[in-house]
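my_file_30.tsv follows; it contains TSV, C-alpha atoms.
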```tsv
chain	number	residue	atom	x	y	z
A	1	MET	CA	-74.66	-27.97	287.14
A	2	SER	CA	-72.83	-25.71	289.62
A	3	ASP	CA	-72.33	-21.99	289.28
A	4	LEU	CA	-68.63	-22.59	288.62
A	5	SER	CA	-69.52	-24.51	285.47
A	6	ARG	CA	-71.42	-21.60	283.93
A	7	CYS	CA	-70.13	-18.23	282.75
A	8	ASP	CA	-70.94	-15.41	280.41
A	9	VAL	CA	-67.64	-15.68	278.51
A	10	ALA	CA	-64.95	-18.35	278.50
A	11	VAL	CA	-61.59	-17.21	277.18
A	12	VAL	CA	-59.36	-20.10	276.12
A	13	GLY	CA	-55.70	-19.07	276.19
A	14	ALA	CA	-54.28	-16.67	278.79
A	15	GLY	CA	-51.59	-14.95	276.75
A	16	PRO	CA	-51.81	-11.20	275.96
A	17	ALA	CA	-54.84	-11.65	273.67
A	18	GLY	CA	-56.90	-13.69	276.09
A	19	ALA	CA	-55.83	-11.72	279.17
A	20	THR	CA	-56.78	-8.44	277.48
A	21	ALA	CA	-60.24	-9.70	276.53
A	22	ALA	CA	-60.79	-11.18	280.01
A	23	TYR	CA	-59.60	-8.01	281.74
A	24	LEU	CA	-61.94	-5.73	279.79
A	25	LEU	CA	-64.96	-8.01	280.10
A	26	ALA	CA	-64.44	-8.56	283.83
A	27	ARG	CA	-64.07	-4.82	284.30
A	28	HIS	CA	-67.45	-4.41	282.62
A	29	GLY	CA	-69.07	-6.87	285.01
A	30	TYR	CA	-69.09	-10.05	282.95
A	31	ASN	CA	-68.64	-13.46	284.57
A	32	VAL	CA	-65.43	-14.57	282.85
A	33	ARG	CA	-63.36	-17.76	282.92
A	34	LEU	CA	-59.79	-17.47	281.64
A	35	ILE	CA	-58.47	-20.95	280.81
A	36	ASP	CA	-54.96	-22.08	279.88
A	37	LYS	CA	-53.32	-25.49	279.73
A	38	ARG	CA	-50.14	-24.13	281.32
A	39	HIS	CA	-49.40	-22.69	284.74
A	40	PHE	CA	-48.00	-19.13	284.70
A	41	PRO	CA	-45.38	-17.84	284.39
A	42	ARG	CA	-44.65	-20.32	281.61
A	43	PRO	CA	-41.92	-20.46	278.94
A	44	LYS	CA	-42.72	-18.53	275.78
A	45	LEU	CA	-40.61	-18.35	272.64
A	46	CYS	CA	-40.75	-14.83	271.26
A	47	ALA	CA	-38.32	-12.02	270.48
A	48	GLY	CA	-40.47	-9.85	272.75
A	49	LEU	CA	-40.36	-6.64	270.73
A	50	LEU	CA	-42.85	-3.87	271.51
A	51	THR	CA	-43.40	-1.18	268.89
A	52	TRP	CA	-44.77	2.32	269.46
A	53	LYS	CA	-48.30	1.21	268.62
A	54	THR	CA	-48.11	-1.57	271.20
A	55	MET	CA	-46.88	0.76	273.92
A	56	GLU	CA	-49.67	3.22	273.12
A	57	LEU	CA	-52.30	0.48	273.07
A	58	ILE	CA	-51.45	-1.16	276.38
A	59	SER	CA	-51.34	2.26	278.03
A	60	ALA	CA	-54.79	3.04	276.62
A	61	ILE	CA	-56.23	-0.28	277.84
A	62	PHE	CA	-54.51	-0.75	281.19
A	63	GLY	CA	-53.38	2.78	282.00
A	64	PRO	CA	-49.84	4.23	281.85
A	65	CYS	CA	-47.57	1.25	282.41
A	66	THR	CA	-44.13	1.82	280.87
A	67	ASP	CA	-42.54	2.81	284.17
A	68	GLU	CA	-44.19	-0.08	286.01
A	69	LEU	CA	-43.12	-2.64	283.42
A	70	THR	CA	-39.59	-1.28	283.51
A	71	LYS	CA	-39.47	-1.23	287.31
A	72	LYS	CA	-40.60	-4.86	287.44
A	73	ARG	CA	-37.94	-5.74	284.82
A	74	ILE	CA	-40.62	-6.93	282.45
A	75	ILE	CA	-39.29	-4.41	279.95
A	76	THR	CA	-35.64	-5.43	279.98
A	77	HIS	CA	-34.12	-3.25	277.25
A	78	ALA	CA	-34.78	-0.39	274.83
A	79	CYS	CA	-32.99	0.33	271.58
A	80	ARG	CA	-33.16	3.10	268.97
A	81	ASP	CA	-30.42	2.04	266.55
A	82	TYR	CA	-31.09	-0.50	263.80
A	83	ARG	CA	-29.35	-1.96	260.78
A	84	ILE	CA	-30.56	-3.88	257.73
A	85	PHE	CA	-28.37	-6.47	256.00
A	86	ARG	CA	-28.50	-8.47	252.81
A	87	GLY	CA	-26.29	-11.43	253.66
A	88	PRO	CA	-23.10	-10.04	255.21
A	89	LYS	CA	-23.53	-6.63	253.55
A	90	GLU	CA	-25.18	-3.73	255.34
A	91	ILE	CA	-27.72	-1.98	253.12
A	92	ALA	CA	-29.30	0.48	255.57
A	93	ARG	CA	-29.06	1.86	259.09
A	94	GLY	CA	-30.88	4.42	261.15
A	95	CYS	CA	-31.90	5.77	264.54
A	96	LEU	CA	-35.55	5.52	265.58
A	97	ASP	CA	-37.40	8.53	266.96
A	98	PHE	CA	-39.15	6.11	269.35
A	99	PRO	CA	-37.18	3.10	270.62
A	100	PHE	CA	-38.04	-0.55	270.31
A	101	HIS	CA	-38.73	-2.01	273.75
A	102	PHE	CA	-37.92	-5.63	274.55
A	103	VAL	CA	-39.72	-7.67	277.19
A	104	ASP	CA	-39.28	-10.87	279.13
A	105	ARG	CA	-42.20	-12.74	277.57
A	106	PRO	CA	-42.96	-15.16	280.42
A	107	ALA	CA	-43.05	-12.24	282.87
A	108	TYR	CA	-44.97	-10.05	280.38
A	109	ASP	CA	-47.71	-12.61	279.85
A	110	HIS	CA	-47.94	-13.37	283.57
A	111	HIS	CA	-48.39	-9.66	284.32
A	112	TRP	CA	-51.48	-9.33	282.11
A	113	LEU	CA	-52.91	-12.57	283.47
A	114	GLN	CA	-52.61	-11.14	286.97
A	115	MET	CA	-54.28	-7.91	285.79
A	116	ALA	CA	-57.26	-9.89	284.45
A	117	GLN	CA	-57.42	-11.90	287.66
A	118	ALA	CA	-57.33	-8.75	289.80
A	119	MET	CA	-60.21	-7.33	287.75
A	120	GLY	CA	-62.34	-10.36	288.62
A	121	ALA	CA	-61.76	-12.91	285.87
A	122	GLN	CA	-61.59	-16.43	287.31
A	123	THR	CA	-58.42	-18.07	286.01
A	124	LEU	CA	-58.23	-21.80	285.38
A	125	THR	CA	-54.57	-22.49	284.59
A	126	GLY	CA	-53.10	-25.94	284.14
A	127	ARG	CA	-56.47	-26.98	282.62
A	128	ALA	CA	-56.25	-28.21	279.02
A	129	VAL	CA	-59.28	-27.94	276.74
A	130	THR	CA	-60.11	-31.22	275.00
A	131	ALA	CA	-63.25	-30.28	273.06
A	132	VAL	CA	-65.26	-27.23	272.08
A	133	ASP	CA	-68.85	-27.11	270.78
A	134	ALA	CA	-69.24	-23.93	268.75
A	135	ASP	CA	-72.99	-24.48	268.40
A	136	SER	CA	-73.78	-24.67	272.11
A	137	GLY	CA	-70.81	-22.94	273.78
A	138	ALA	CA	-69.77	-26.03	275.76
A	139	ILE	CA	-66.12	-26.69	276.65
A	140	ASP	CA	-64.73	-30.00	277.88
A	141	LEU	CA	-61.58	-29.97	280.00
A	142	ALA	CA	-58.95	-32.67	280.44
A	143	ASP	CA	-59.93	-33.19	284.09
A	144	GLY	CA	-63.37	-34.38	282.95
A	145	SER	CA	-65.27	-31.20	283.82
A	146	ARG	CA	-67.49	-29.26	281.43
A	147	LEU	CA	-67.98	-25.52	281.22
A	148	GLN	CA	-71.02	-23.89	279.63
A	149	ALA	CA	-70.38	-20.39	278.26
A	150	GLY	CA	-72.58	-17.88	276.54
A	151	LEU	CA	-69.61	-17.07	274.31
A	152	ILE	CA	-66.18	-18.64	273.79
A	153	ILE	CA	-63.18	-16.52	272.82
A	154	GLY	CA	-60.39	-18.60	271.33
A	155	ALA	CA	-57.00	-17.13	272.19
A	156	ASP	CA	-55.12	-20.42	272.29
A	157	GLY	CA	-52.40	-19.77	269.75
A	158	ALA	CA	-51.31	-21.15	266.40
A	159	TRP	CA	-52.49	-24.71	267.17
A	160	SER	CA	-55.82	-23.49	268.50
A	161	LYS	CA	-58.17	-26.18	269.78
A	162	VAL	CA	-61.02	-23.65	269.56
A	163	ARG	CA	-60.33	-22.91	265.88
A	164	GLN	CA	-60.37	-26.63	265.12
A	165	ALA	CA	-63.95	-26.77	266.42
A	166	LEU	CA	-65.28	-24.48	263.69
A	167	PRO	CA	-67.34	-25.85	260.77
A	168	GLN	CA	-65.16	-26.84	257.80
A	169	ALA	CA	-62.25	-27.02	260.24
A	170	GLN	CA	-60.20	-29.15	257.86
A	171	LYS	CA	-60.43	-26.51	255.12
A	172	VAL	CA	-59.70	-23.68	257.57
A	173	GLU	CA	-56.68	-25.54	258.98
A	174	LEU	CA	-55.29	-26.21	255.52
A	175	GLN	CA	-55.46	-22.52	254.63
A	176	TYR	CA	-54.08	-21.51	258.02
A	177	ARG	CA	-51.12	-23.87	257.97
A	178	ARG	CA	-50.20	-23.04	254.39
A	179	ASN	CA	-49.43	-19.50	255.51
A	180	LEU	CA	-47.62	-20.32	258.75
A	181	ALA	CA	-43.96	-19.49	259.17
A	182	ALA	CA	-41.52	-21.92	260.72
A	183	THR	CA	-39.25	-20.19	263.21
A	184	ILE	CA	-35.99	-20.98	264.97
A	185	GLU	CA	-34.74	-18.85	267.84
A	186	THR	CA	-31.90	-18.90	270.35
A	187	HIS	CA	-30.29	-16.65	272.94
A	188	CYS	CA	-26.65	-15.84	273.55
A	189	ALA	CA	-25.80	-14.61	277.04
A	190	HIS	CA	-23.34	-11.74	277.34
A	191	THR	CA	-20.02	-12.80	278.81
A	192	PRO	CA	-17.08	-10.73	280.12
A	193	GLY	CA	-15.33	-11.07	276.79
A	194	ARG	CA	-18.36	-10.65	274.59
A	195	SER	CA	-21.46	-8.49	274.40
A	196	GLY	CA	-24.03	-8.41	271.67
A	197	ALA	CA	-24.43	-5.75	269.03
A	198	PRO	CA	-26.00	-2.59	270.53
A	199	TYR	CA	-28.50	-2.32	267.68
A	200	ALA	CA	-31.46	-4.31	266.36
A	201	SER	CA	-30.82	-5.84	262.97
A	202	LEU	CA	-32.77	-7.61	260.25
A	203	HIS	CA	-30.99	-9.92	257.82
A	204	PHE	CA	-32.30	-10.88	254.39
A	205	GLY	CA	-30.94	-13.25	251.79
A	206	PHE	CA	-30.44	-16.34	253.94
A	207	ILE	CA	-33.76	-17.93	253.05
A	208	PRO	CA	-36.54	-17.19	250.54
A	209	TRP	CA	-39.72	-15.63	251.89
A	210	GLY	CA	-38.25	-15.01	255.29
A	211	TYR	CA	-35.59	-13.19	257.24
A	212	ALA	CA	-33.26	-13.47	260.22
A	213	TRP	CA	-32.93	-11.13	263.17
A	214	SER	CA	-30.63	-10.13	265.97
A	215	PHE	CA	-32.12	-8.17	268.84
A	216	PRO	CA	-30.10	-6.73	271.73
A	217	GLY	CA	-30.85	-7.14	275.39
A	218	ALA	CA	-29.49	-6.14	278.77
A	219	GLU	CA	-28.11	-9.62	279.46
A	220	LYS	CA	-28.52	-11.59	276.25
A	221	GLN	CA	-28.84	-11.31	272.50
A	222	THR	CA	-31.81	-12.91	270.70
A	223	LEU	CA	-31.18	-14.44	267.29
A	224	GLY	CA	-33.67	-16.13	265.01
A	225	VAL	CA	-34.84	-16.91	261.51
A	226	ALA	CA	-38.35	-17.40	260.09
A	227	ALA	CA	-39.79	-18.27	256.70
A	228	LEU	CA	-43.07	-19.31	255.12
A	229	VAL	CA	-43.48	-23.06	255.41
A	230	SER	CA	-44.85	-23.23	251.86
A	231	ARG	CA	-41.94	-21.25	250.36
A	232	GLY	CA	-38.76	-22.95	251.49
A	233	ALA	CA	-38.76	-23.32	255.26
A	234	SER	CA	-37.48	-26.88	254.80
A	235	SER	CA	-33.97	-25.39	254.66
A	236	LEU	CA	-34.52	-23.27	257.77
A	237	SER	CA	-31.88	-24.96	259.94
A	238	ASP	CA	-29.24	-24.57	257.22
A	239	ALA	CA	-30.19	-20.91	256.82
A	240	PHE	CA	-29.89	-20.39	260.57
A	241	ARG	CA	-26.43	-21.95	260.66
A	242	GLU	CA	-25.33	-19.72	257.80
A	243	PHE	CA	-26.74	-16.68	259.56
A	244	LEU	CA	-24.91	-17.50	262.81
A	245	ARG	CA	-21.63	-17.91	260.94
A	246	THR	CA	-22.13	-14.57	259.21
A	247	ALA	CA	-22.96	-12.93	262.55
A	248	HIS	CA	-19.81	-14.48	264.09
A	249	ILE	CA	-21.84	-16.39	266.65
A	250	GLY	CA	-20.19	-19.55	267.95
A	251	PRO	CA	-21.65	-23.04	267.47
A	252	GLU	CA	-22.73	-23.16	271.12
A	253	ALA	CA	-25.80	-21.15	270.07
A	254	LEU	CA	-27.02	-24.22	268.20
A	255	ASP	CA	-27.28	-26.16	271.46
A	256	THR	CA	-30.14	-24.03	272.76
A	257	TRP	CA	-32.18	-23.28	269.65
A	258	LYS	CA	-35.89	-24.00	269.64
A	259	GLY	CA	-38.55	-23.86	266.98
A	260	TYR	CA	-42.13	-22.65	266.91
A	261	ALA	CA	-44.90	-21.75	264.47
A	262	LEU	CA	-45.57	-18.11	263.68
A	263	PRO	CA	-48.66	-16.68	261.92
A	264	TYR	CA	-47.30	-15.05	258.78
A	265	GLY	CA	-50.15	-13.93	256.57
A	266	ASN	CA	-52.74	-16.55	257.54
A	267	TYR	CA	-55.21	-14.11	259.14
A	268	LEU	CA	-58.80	-15.32	258.97
A	269	SER	CA	-61.43	-13.05	257.48
A	270	GLN	CA	-64.17	-15.11	259.17
A	271	PRO	CA	-63.00	-15.01	262.81
A	272	GLY	CA	-65.56	-17.31	264.38
A	273	TYR	CA	-68.88	-19.10	264.23
A	274	LYS	CA	-72.01	-18.89	266.40
A	275	HIS	CA	-70.72	-19.00	270.01
A	276	VAL	CA	-67.02	-18.70	269.08
A	277	MET	CA	-64.74	-15.77	268.29
A	278	LEU	CA	-61.03	-16.08	267.51
A	279	ILE	CA	-58.36	-13.57	268.50
A	280	GLY	CA	-54.58	-13.27	268.42
A	281	ASP	CA	-52.50	-16.07	266.91
A	282	ALA	CA	-55.55	-18.36	266.86
A	283	CYS	CA	-56.95	-16.02	264.20
A	284	GLY	CA	-53.58	-15.63	262.44
A	285	LEU	CA	-53.25	-12.03	263.55
A	286	ALA	CA	-49.59	-11.17	263.17
A	287	ASP	CA	-47.63	-8.85	260.91
A	288	PRO	CA	-47.02	-10.84	257.67
A	289	LEU	CA	-43.70	-9.06	257.10
A	290	LEU	CA	-41.89	-9.09	260.45
A	291	GLY	CA	-44.12	-11.47	262.39
A	292	GLU	CA	-45.00	-8.95	265.12
A	293	GLY	CA	-47.84	-10.46	267.10
A	294	ILE	CA	-48.01	-8.82	270.52
A	295	TYR	CA	-49.79	-5.69	269.27
A	296	TYR	CA	-52.37	-7.71	267.34
A	297	ALA	CA	-52.94	-9.95	270.36
A	298	HIS	CA	-53.85	-6.99	272.58
A	299	ARG	CA	-55.79	-5.21	269.82
A	300	SER	CA	-57.93	-8.19	268.84
A	301	GLY	CA	-58.62	-8.93	272.51
A	302	GLU	CA	-59.79	-5.36	272.92
A	303	LEU	CA	-61.99	-5.47	269.81
A	304	ALA	CA	-63.55	-8.78	270.82
A	305	ALA	CA	-64.37	-7.49	274.32
A	306	GLN	CA	-65.86	-4.31	272.90
A	307	ALA	CA	-68.02	-6.36	270.52
A	308	VAL	CA	-69.34	-8.54	273.36
A	309	ILE	CA	-70.16	-5.48	275.45
A	310	MET	CA	-71.95	-3.78	272.55
A	311	ALA	CA	-73.94	-6.90	271.66
A	312	GLY	CA	-75.03	-7.78	275.18
A	313	GLN	CA	-76.05	-11.45	275.44
A	314	ARG	CA	-76.30	-12.01	271.66
A	315	PRO	CA	-73.33	-14.09	270.42
A	316	ASP	CA	-74.32	-13.75	266.76
A	317	MET	CA	-74.37	-9.96	267.02
A	318	ALA	CA	-71.08	-9.93	268.94
A	319	LEU	CA	-69.41	-11.95	266.18
A	320	LYS	CA	-70.82	-9.63	263.52
A	321	ILE	CA	-69.59	-6.51	265.32
A	322	TYR	CA	-66.18	-8.08	265.95
A	323	ARG	CA	-65.78	-9.19	262.33
A	324	GLN	CA	-66.54	-5.67	261.08
A	325	ALA	CA	-64.20	-4.03	263.59
A	326	LEU	CA	-61.41	-6.52	262.91
A	327	ASN	CA	-61.65	-5.90	259.18
A	328	ARG	CA	-61.64	-2.13	259.64
A	329	HIS	CA	-58.93	-1.80	262.27
A	330	VAL	CA	-56.65	-4.80	261.73
A	331	LEU	CA	-57.12	-6.85	258.56
A	332	SER	CA	-57.09	-3.85	256.23
A	333	GLU	CA	-53.57	-3.00	257.44
A	334	LEU	CA	-52.37	-6.61	257.37
A	335	ARG	CA	-53.43	-6.84	253.72
A	336	TRP	CA	-51.31	-3.80	252.85
A	337	ILE	CA	-48.35	-5.26	254.74
A	338	ASN	CA	-48.84	-8.48	252.79
A	339	VAL	CA	-48.59	-6.54	249.53
A	340	PHE	CA	-45.36	-4.93	250.68
A	341	ARG	CA	-44.00	-8.33	251.71
A	342	THR	CA	-44.78	-9.82	248.30
A	343	LEU	CA	-42.93	-7.00	246.55
A	344	LEU	CA	-40.03	-7.42	248.97
A	345	PHE	CA	-39.58	-11.19	248.76
A	346	ILE	CA	-40.52	-11.98	245.18
A	347	GLY	CA	-37.48	-13.38	243.41
A	348	GLY	CA	-36.44	-15.80	246.16
A	349	LYS	CA	-33.20	-16.23	248.02
A	350	ARG	CA	-31.05	-14.61	245.34
A	351	ARG	CA	-33.01	-11.39	245.39
A	352	ARG	CA	-30.68	-8.47	246.11
A	353	TYR	CA	-33.27	-6.29	247.87
A	354	ARG	CA	-32.30	-3.24	245.87
A	355	GLY	CA	-35.83	-1.88	246.24
A	356	LEU	CA	-35.58	-2.10	250.03
A	357	LYS	CA	-32.23	-0.34	249.95
A	358	LEU	CA	-33.74	2.40	247.76
A	359	PHE	CA	-36.73	2.78	250.09
A	360	PHE	CA	-34.45	3.26	253.08
A	361	ARG	CA	-32.39	5.77	251.13
A	362	LEU	CA	-35.42	7.81	250.02
A	363	PHE	CA	-38.04	7.30	252.73
A	364	PRO	CA	-36.37	6.02	255.93
A	365	LYS	CA	-38.67	7.83	258.35
A	366	ARG	CA	-41.78	6.66	256.51
A	367	LEU	CA	-40.66	3.04	256.76
A	368	GLU	CA	-39.80	3.46	260.43
A	369	ALA	CA	-43.22	5.00	261.06
A	370	CYS	CA	-44.94	2.12	259.22
A	371	VAL	CA	-43.12	-0.50	261.30
A	372	HIS	CA	-43.98	1.37	264.51
A	373	GLY	CA	-47.61	1.78	263.43
A	374	GLN	CA	-47.49	5.56	263.36
A	375	ARG	CA	-48.29	5.44	259.64
A	376	SER	CA	-50.24	2.90	257.59
A	377	PHE	CA	-48.40	0.86	254.95
A	378	SER	CA	-51.13	2.07	252.59
A	379	ARG	CA	-49.58	5.54	252.90
A	380	LEU	CA	-45.96	4.48	252.51
A	381	LEU	CA	-45.57	6.43	249.26
A	382	VAL	CA	-47.76	9.36	250.37
A	383	PRO	CA	-45.77	12.44	251.49
```

So, in terms of structure tokens, how does the structure I just supplied come out?
Amino acid sequence: MSDLSRCDVAVVGAGPAGATAAYLLARHGYNVRLIDKRHFPRPKLCAGLLTWKTMELISAIFGPCTDELTKKRIITHACRDYRIFRGPKEIARGCLDFPFHFVDRPAYDHHWLQMAQAMGAQTLTGRAVTAVDADSGAIDLADGSRLQAGLIIGADGAWSKVRQALPQAQKVELQYRRNLAATIETHCAHTPGRSGAPYASLHFGFIPWGYAWSFPGAEKQTLGVAALVSRGASSLSDAFREFLRTAHIGPEALDTWKGYALPYGNYLSQPGYKHVMLIGDACGLADPLLGEGIYYAHRSGELAAQAVIMAGQRPDMALKIYRQALNRHVLSELRWINVFRTLLFIGGKRRRYRGLKLFFRLFPKRLEACVHGQRSFSRLLVP
């Protein structure tokens, strides 16, 4: 077996979660393989919103980078103004103290992959994983080669091949998929006679246990809708059409829509087994209210790398440290967000969201701070 077929850590999935873990481990001297079935830059469906906590985190991990990302046109737009709607009726508006930043996701993901590569991680793109052995740390690739790793970090998204290798995979997959959201998204390019709304907006009332959005951009407007699969996502396309009509978007937007799965409250409390740890979407780590996943991708990648470094060459200890850190720094907050989501959505499509309107009337800055991660949802009602 050649040296190329052995490594300390194999990271499967080279998005922000996997690239972050690979970058930090390579920086610490680990022999890392970063594997992805696609070549980069690759298409990626995502609204591309970065909150305050995400901007702070990537600066802490990679160094100050806002100016660089803007200069490279990876950050394409920033917006402070927002509005909240229930159907066609506006129920709240405001101006953020810190703006939302919007990124070109293919370019964003490619940037972090290049950072990991520059730090010394060996990247194997265009190489699909066909099988994973969680007991031994072996990975089979579609080209017939096999990689032996001391530890495998699964960062391969909602349909994770690594997650499916865990014991009781059928039970885990059933739980995971029950709490997935189905998502539809499209883009409308600005034309001489039309430009998008200059504010970010969230739209409730079109579908139960979900919401629609409209995010501005320098050259295009992003529109989408998402809902829990188990709570009415079967009518998602009808809800999206209704939303577009309400937003006065022409039918041409329907020609370019695409769908994807979004973790929406299906975070796993047991994020691995023996030689495997799961991070990012593979572990269901996304905001169960708004679906924000980029922050949790970077954060879980960071926590996993820190756990490996602390544990040395002991995969069982690394998993234990990671599980504890994930519960303390990520899952505890996601559980509180899940509580808020339940209170928000209970009552179905006909819910009038009066409580949300009241919250924005009484505590707008607290809600803004919770969304940006400057305040925990557990302290939403605390002065």

(request) Measuring atom to atom with all atoms listed in the file, identify which of A:Val12, A:Ala47, A:Met317, A:Leu358 is nearest to A:Thr186. (result) A:Ala47

(request) Measuring atom to atom with all atoms listed in the file, identify which of A:Arg80, A:Arg361, A:His329, A:Arg379 is nearest to A:Leu96. (result)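 Looking at the shortest contact to A:Leu96, the residue is A:Arg80.
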
(message) Just to confirm, what's the straight-line distance from atom CA of A:Thr246 to atom CA of A:Leu228 in Å (one decimal)?
(response)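 A separation of 21.9 Å between them.
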
(message) Please list, as a list in words, the residues that have an atom at most 6 Å away from (-59.9, -10.2, 283.1) in the coordinates of this file, counting only C-alpha atoms.
(response)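 Every polymer residue passing the test: Ala19, Ala22, Tyr23, Leu24, Ala26, Ala116, Gln117, Met119 and Ala121 of chain A.
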
Got a sec to check which residues sit within 12 Å of (-42.1, -12.0, 273.1), counting all atoms listed in the file, and write them as an mmCIF file with C-alpha atoms, in the coordinates of the input?
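Saved the output as part13.cif:
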```
data_model
loop_
_atom_site.group_PDB
_atom_site.id
_atom_site.type_symbol
_atom_site.label_atom_id
_atom_site.label_comp_id
_atom_site.auth_asym_id
_atom_site.auth_seq_id
_atom_site.Cartn_x
_atom_site.Cartn_y
_atom_site.Cartn_z
ATOM 1 C CA GLY A 15 -51.590 -14.950 276.750
ATOM 2 C CA PRO A 16 -51.810 -11.200 275.960
ATOM 3 C CA PRO A 43 -41.920 -20.460 278.940
ATOM 4 C CA LYS A 44 -42.720 -18.530 275.780
ATOM 5 C CA LEU A 45 -40.610 -18.350 272.640
ATOM 6 C CA CYS A 46 -40.750 -14.830 271.260
ATOM 7 C CA ALA A 47 -38.320 -12.020 270.480
ATOM 8 C CA GLY A 48 -40.470 -9.850 272.750
ATOM 9 C CA LEU A 49 -40.360 -6.640 270.730
ATOM 10 C CA LEU A 50 -42.850 -3.870 271.510
ATOM 11 C CA THR A 51 -43.400 -1.180 268.890
ATOM 12 C CA ILE A 74 -40.620 -6.930 282.450
ATOM 13 C CA ILE A 75 -39.290 -4.410 279.950
ATOM 14 C CA THR A 76 -35.640 -5.430 279.980
ATOM 15 C CA HIS A 101 -38.730 -2.010 273.750
ATOM 16 C CA PHE A 102 -37.920 -5.630 274.550
ATOM 17 C CA VAL A 103 -39.720 -7.670 277.190
ATOM 18 C CA ASP A 104 -39.280 -10.870 279.130
ATOM 19 C CA ARG A 105 -42.200 -12.740 277.570
ATOM 20 C CA PRO A 106 -42.960 -15.160 280.420
ATOM 21 C CA ALA A 107 -43.050 -12.240 282.870
ATOM 22 C CA TYR A 108 -44.970 -10.050 280.380
ATOM 23 C CA ASP A 109 -47.710 -12.610 279.850
ATOM 24 C CA GLU A 185 -34.740 -18.850 267.840
ATOM 25 C CA PHE A 215 -32.120 -8.170 268.840
ATOM 26 C CA THR A 222 -31.810 -12.910 270.700
ATOM 27 C CA LEU A 262 -45.570 -18.110 263.680
ATOM 28 C CA GLY A 291 -44.120 -11.470 262.390
ATOM 29 C CA GLU A 292 -45.000 -8.950 265.120
ATOM 30 C CA GLY A 293 -47.840 -10.460 267.100
ATOM 31 C CA ILE A 294 -48.010 -8.820 270.520
ATOM 32 C CA TYR A 295 -49.790 -5.690 269.270
ATOM 33 C CA ALA A 297 -52.940 -9.950 270.360
#
```

(message) Measuring between all atoms listed in the file, which one of A:Tyr260, A:Tyr211, A:Trp112, A:Phe377 shows the shortest distance to A:Ala182?
(response)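 Closest residue, counting all atoms listed in the file: A:Tyr260.
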
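The smallest atom-to-atom distance between A:Leu124 and any of A:Ile58, A:Ala212, A:Leu223, A:Leu34, using only C-alpha atoms, is found for A:Leu34.
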
(request) Choose the residue, out of A:Phe100, A:Ala17, A:Asp255, A:Arg231, that has the smallest atom-to-atom separation from A:Leu303; count only C-alpha atoms. (result) A:Ala17

(message) One decimal, in Å: what's the spacing between atom CA of A:Val382 and atom CA of A:Leu268?
(response) 28.4 Å

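For the residues A:Ile153, A:Cys370, A:Ala128, A:Leu236, ranking by smallest atom-to-atom distance to A:Tyr273 using only C-alpha atoms places A:Ile153 first.
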
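With atom CA of A:Gly217 on one side and atom CA of A:Thr66 on the other, the separation reads 16.9 Å.
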
(request) For A:Lys357, work out the shell of residues within 12 Å, counting all atoms listed in the file and skipping chain neighbours fewer than 4 positions away, then give it as a list in words. (result) Arg83, Ile84, Phe85, Arg86, Lys89, Glu90, Ile91, Ala92, Arg93, Phe204, Leu344, Arg351, Arg352, Tyr353, Arg361, Leu362, Phe363, Pro364 and Leu367 of chain A

(request) Quick one: everything within 12 Å of A:Ala60, counting only C-alpha atoms, minus sequence neighbours fewer than 4 positions away in the same chain. Send it as a PyMOL selection string. (result) chain A and resi 20+24+53-56+64-66+298-299+302

How would stretch 315-324 of chain A look with N, CA and C atoms restored, written as a PDB file, in the coordinates of the input?
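File part15.pdb, as written:
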```pdb
ATOM      1  N   PRO A 315     -74.604 -13.660 271.021  1.00  0.00           N
ATOM      2  CA  PRO A 315     -73.330 -14.090 270.420  1.00  0.00           C
ATOM      3  C   PRO A 315     -73.251 -13.804 268.929  1.00  0.00           C
ATOM      4  N   ASP A 316     -74.359 -13.984 268.199  1.00  0.00           N
ATOM      5  CA  ASP A 316     -74.320 -13.750 266.760  1.00  0.00           C
ATOM      6  C   ASP A 316     -74.037 -12.285 266.447  1.00  0.00           C
ATOM      7  N   MET A 317     -74.621 -11.383 267.223  1.00  0.00           N
ATOM      8  CA  MET A 317     -74.370  -9.960 267.020  1.00  0.00           C
ATOM      9  C   MET A 317     -72.943  -9.591 267.429  1.00  0.00           C
ATOM     10  N   ALA A 318     -72.454 -10.188 268.508  1.00  0.00           N
ATOM     11  CA  ALA A 318     -71.080  -9.930 268.940  1.00  0.00           C
ATOM     12  C   ALA A 318     -70.088 -10.329 267.861  1.00  0.00           C
ATOM     13  N   LEU A 319     -70.301 -11.495 267.253  1.00  0.00           N
ATOM     14  CA  LEU A 319     -69.410 -11.950 266.180  1.00  0.00           C
ATOM     15  C   LEU A 319     -69.473 -11.008 264.979  1.00  0.00           C
ATOM     16  N   LYS A 320     -70.660 -10.546 264.650  1.00  0.00           N
ATOM     17  CA  LYS A 320     -70.820  -9.630 263.520  1.00  0.00           C
ATOM     18  C   LYS A 320     -70.084  -8.323 263.779  1.00  0.00           C
ATOM     19  N   ILE A 321     -70.254  -7.763 264.966  1.00  0.00           N
ATOM     20  CA  ILE A 321     -69.590  -6.510 265.320  1.00  0.00           C
ATOM     21  C   ILE A 321     -68.071  -6.693 265.323  1.00  0.00           C
ATOM     22  N   TYR A 322     -67.622  -7.804 265.893  1.00  0.00           N
ATOM     23  CA  TYR A 322     -66.180  -8.080 265.950  1.00  0.00           C
ATOM     24  C   TYR A 322     -65.593  -8.237 264.555  1.00  0.00           C
ATOM     25  N   ARG A 323     -66.278  -8.976 263.692  1.00  0.00           N
ATOM     26  CA  ARG A 323     -65.780  -9.190 262.330  1.00  0.00           C
ATOM     27  C   ARG A 323     -65.628  -7.851 261.593  1.00  0.00           C
ATOM     28  N   GLN A 324     -66.602  -6.979 261.737  1.00  0.00           N
ATOM     29  CA  GLN A 324     -66.540  -5.670 261.080  1.00  0.00           C
ATOM     30  C   GLN A 324     -65.400  -4.827 261.640  1.00  0.00           C
TER      31      GLN A 324
END
```
